[in-house]
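Have a look at the structure below before the remarks.
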Amino acid sequence: MTTARERPPGLDVLRLPMPGEPLAEPDPVLGAGPKVSAPVARVEADDSDRAFYRWMIGHHVTFGVWRMLADVLADAGRTGGLSEAGTARAAWWYDCYSALLLYAGSCTPEVYARSIRPRMAAMHPAFSGLWARDHEWVAGLLGTLSLPRDGVLKRALKRNRLVHMTVAQMLVPEGASLFKGHGGRAANGVTDAERDLFDEFFLVHRGVVTRAGFTAAMLTRLSAIRDDLAADPIDARAEVFALLPTDLRGMVDELIAVVGEPLPVEAPVGVALP
């Protein structure tokens, strides 16, 4: 029986600062450029192993996307609101999040029930995405902004909710989530212990991380996802993919281009668009 603390072969822990903490400036001795580590090994195995791999690495990149989205939203909070360009950037990051949901949850309900759900239940019977501290931070930042009802960011948020609900329905067509199935209520709030469990399951370690280290971690994982999609395309969710600005591989290619673009030291990560 697999355990909650297993990791897909070749997938290292992801090191991130706590939400709201800045990425560290580069060591002047080591240089400022990202040093991409060895590629993450693509799983050449059965559907269960591949599903777990996609679940984990897809979430890793999602956490990085939330981090970069939070930088855009925090900058808006400091300057008094989102500019038109900032709104477009935030909407694009949300569409990237939607694409990664489709990648991470691309297995069948049977494989999800066999390979992923039991691992999360082993960590905690009511394990929940509500415990994701990085998304909680993004939601809090969004709550401070006044957004046009039918603006580009609002539309991206609606797409994201639709994609999220659709993937959830595909993976668990009958029955409730672990959280609801064990009496969980969002109104009860989230504890630090639950946030820590979420990080532990997804192999996230919190601490000081340089911009170069963060960029390298994202590029390594994005390159692995691109290679995985080239070898095993996902084509079973055409009606959901149609909601996105481009196809899944196109979104991953755009992410690689944006994440790898050099940024001035004083600029927040993730503010550039292709």
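Note on naming: chains are A, B, ... as they come in the structure tokens, residues start from 1 per chain, ligands start from 1 in the order shown.
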Just asking: which residues within stretch 33-209 of chain A are alpha helix (DSSP H) according to DSSP, as a compact mmCIF listing (two decimals) with C-alpha atoms, in the first residue's frame?
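Generated file (states-v5.txt):
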# COMPACT_ATOMS: atom_id res chain seq x y z
CA ASP A 47 -1.56 4.84 -15.23
CA SER A 48 -1.50 4.98 -11.43
CA ASP A 49 2.12 6.07 -11.23
CA ARG A 50 1.68 8.61 -14.04
CA ALA A 51 -1.43 10.05 -12.39
CA PHE A 52 0.39 10.53 -9.09
CA TYR A 53 3.34 12.11 -10.90
CA ARG A 54 1.08 14.58 -12.74
CA TRP A 55 -0.82 15.35 -9.55
CA MET A 56 2.34 16.22 -7.65
CA ILE A 57 4.37 18.07 -10.28
CA GLY A 58 1.24 19.87 -11.53
CA HIS A 59 0.62 21.15 -8.03
CA HIS A 60 4.26 22.23 -7.64
CA VAL A 61 4.01 24.48 -10.68
CA THR A 62 0.59 25.68 -9.51
CA PHE A 63 2.15 26.84 -6.24
CA GLY A 64 4.73 28.77 -8.23
CA VAL A 65 1.99 30.34 -10.37
CA TRP A 66 0.16 31.41 -7.22
CA ARG A 67 3.40 32.95 -5.98
CA MET A 68 3.83 34.97 -9.17
CA LEU A 69 0.16 35.94 -9.25
CA ALA A 70 0.43 37.13 -5.64
CA ASP A 71 3.34 39.39 -6.64
CA VAL A 72 1.13 41.11 -9.23
CA LEU A 73 -1.77 41.50 -6.79
CA ALA A 74 0.46 42.73 -3.94
CA ASP A 75 2.00 45.32 -6.24
CA ALA A 76 -1.52 46.52 -7.07
CA GLY A 77 -2.25 46.85 -3.36
CA ARG A 78 0.82 49.04 -2.90
CA THR A 79 -0.01 51.31 -5.85
CA GLU A 84 -5.03 47.63 -17.19
CA ALA A 85 -1.74 45.84 -17.84
CA GLY A 86 -1.67 44.44 -14.32
CA THR A 87 -5.22 43.15 -14.68
CA ALA A 88 -4.27 41.38 -17.92
CA ARG A 89 -1.22 39.85 -16.23
CA ALA A 90 -3.27 38.59 -13.29
CA ALA A 91 -5.89 37.11 -15.62
CA TRP A 92 -3.15 35.32 -17.57
CA TRP A 93 -1.72 33.81 -14.40
CA TYR A 94 -5.20 32.60 -13.45
CA ASP A 95 -5.57 30.95 -16.85
CA CYS A 96 -2.22 29.23 -16.25
CA TYR A 97 -3.61 27.95 -12.97
CA SER A 98 -6.66 26.61 -14.82
CA ALA A 99 -4.44 24.83 -17.36
CA LEU A 100 -2.42 23.22 -14.57
CA LEU A 101 -5.63 21.98 -12.93
CA LEU A 102 -6.39 20.13 -16.16
CA TYR A 103 -2.91 18.64 -16.27
CA ALA A 104 -2.77 17.60 -12.60
CA PRO A 109 -11.94 8.55 -11.87
CA GLU A 110 -10.87 4.95 -11.33
CA VAL A 111 -7.17 5.81 -11.30
CA ARG A 117 -7.33 9.99 -3.12
CA PRO A 118 -6.06 7.24 -0.74
CA ARG A 119 -2.71 9.00 -0.40
CA MET A 120 -4.38 12.25 0.65
CA ALA A 121 -6.71 10.39 3.01
CA ALA A 122 -3.67 8.72 4.58
CA MET A 123 -2.29 12.16 5.36
CA ARG A 133 -1.58 28.63 2.20
CA ASP A 134 -0.36 30.15 -1.09
CA HIS A 135 -3.85 30.20 -2.61
CA GLU A 136 -5.28 31.48 0.66
CA TRP A 137 -2.86 34.41 0.35
CA VAL A 138 -3.92 35.05 -3.26
CA ALA A 139 -7.59 35.02 -2.27
CA GLY A 140 -6.90 37.51 0.51
CA LEU A 141 -5.11 39.87 -1.87
CA LEU A 142 -7.95 39.61 -4.38
CA VAL A 152 -10.81 40.38 -17.94
CA LEU A 153 -9.75 39.21 -14.47
CA LYS A 154 -13.31 38.46 -13.37
CA ARG A 155 -13.76 36.36 -16.52
CA ALA A 156 -10.55 34.47 -15.77
CA LEU A 157 -11.79 33.81 -12.23
CA LYS A 158 -15.07 32.46 -13.61
CA ARG A 159 -13.19 30.21 -16.05
CA ASN A 160 -11.07 28.94 -13.20
CA ARG A 161 -14.07 28.08 -11.05
CA LEU A 162 -15.70 26.28 -13.97
CA VAL A 163 -12.53 24.32 -14.72
CA HIS A 164 -12.09 23.46 -11.04
CA MET A 165 -15.67 22.23 -10.70
CA THR A 166 -15.46 20.28 -13.95
CA VAL A 167 -12.24 18.51 -12.98
CA ALA A 168 -13.66 17.71 -9.53
CA GLN A 169 -16.79 16.25 -11.12
CA MET A 170 -14.69 14.21 -13.55
CA LEU A 171 -12.48 12.78 -10.80
CA LEU A 178 -12.65 14.10 1.51
CA PHE A 179 -13.22 17.40 3.27
CA LYS A 180 -17.02 17.40 2.91
CA GLY A 181 -17.22 13.66 3.43
CA ASP A 192 -1.53 26.24 10.74
CA ALA A 193 -1.37 22.50 11.42
CA GLU A 194 -3.62 21.88 8.40
CA ARG A 195 -1.54 24.21 6.24
CA ASP A 196 1.57 22.33 7.32
CA LEU A 197 -0.02 18.98 6.45
CA PHE A 198 -0.85 20.28 2.98
CA ASP A 199 2.76 21.38 2.48
CA GLU A 200 4.05 18.06 3.80
CA PHE A 201 1.91 16.03 1.42
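Computed from the coordinates, the atom CA of A:Gly189 to atom CA of A:Trp131 distance equals 9.2 Å.
Nearest residue to A:Ser223, choosing from A:Gly260, A:Pro245, A:Pro22, A:Gly80 and counting only C-alpha atoms: A:Gly260.
Using only C-alpha atoms, the shortest contact distance between A:Pro233 and any of A:Tyr112, A:Thr144, A:Met218, A:Arg249 is found at A:Arg249.
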### Task
Excluding A:Ile256 and any residue of its chain fewer than 6 positions from it, enumerate the residues within 10 Å of it, using only C-alpha atoms, and give them as a list in words.
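Near neighbours after the sequence-gap exclusion: Thr215, Met218, Leu219, Thr220, Arg221, Leu222, Ser223, Arg226 and Gly250 of chain A.
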**OP:** Go ahead and compute the interatomic distance for atom CA of A:Ala132 and atom CA of A:Val252, in Å to one decimal.
**Re:**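 These two atoms are separated by 22.2 Å.
Atom CA of A:Gly143 to atom CA of A:Gly20 spans 15.2 Å [interatomic distance, one decimal].
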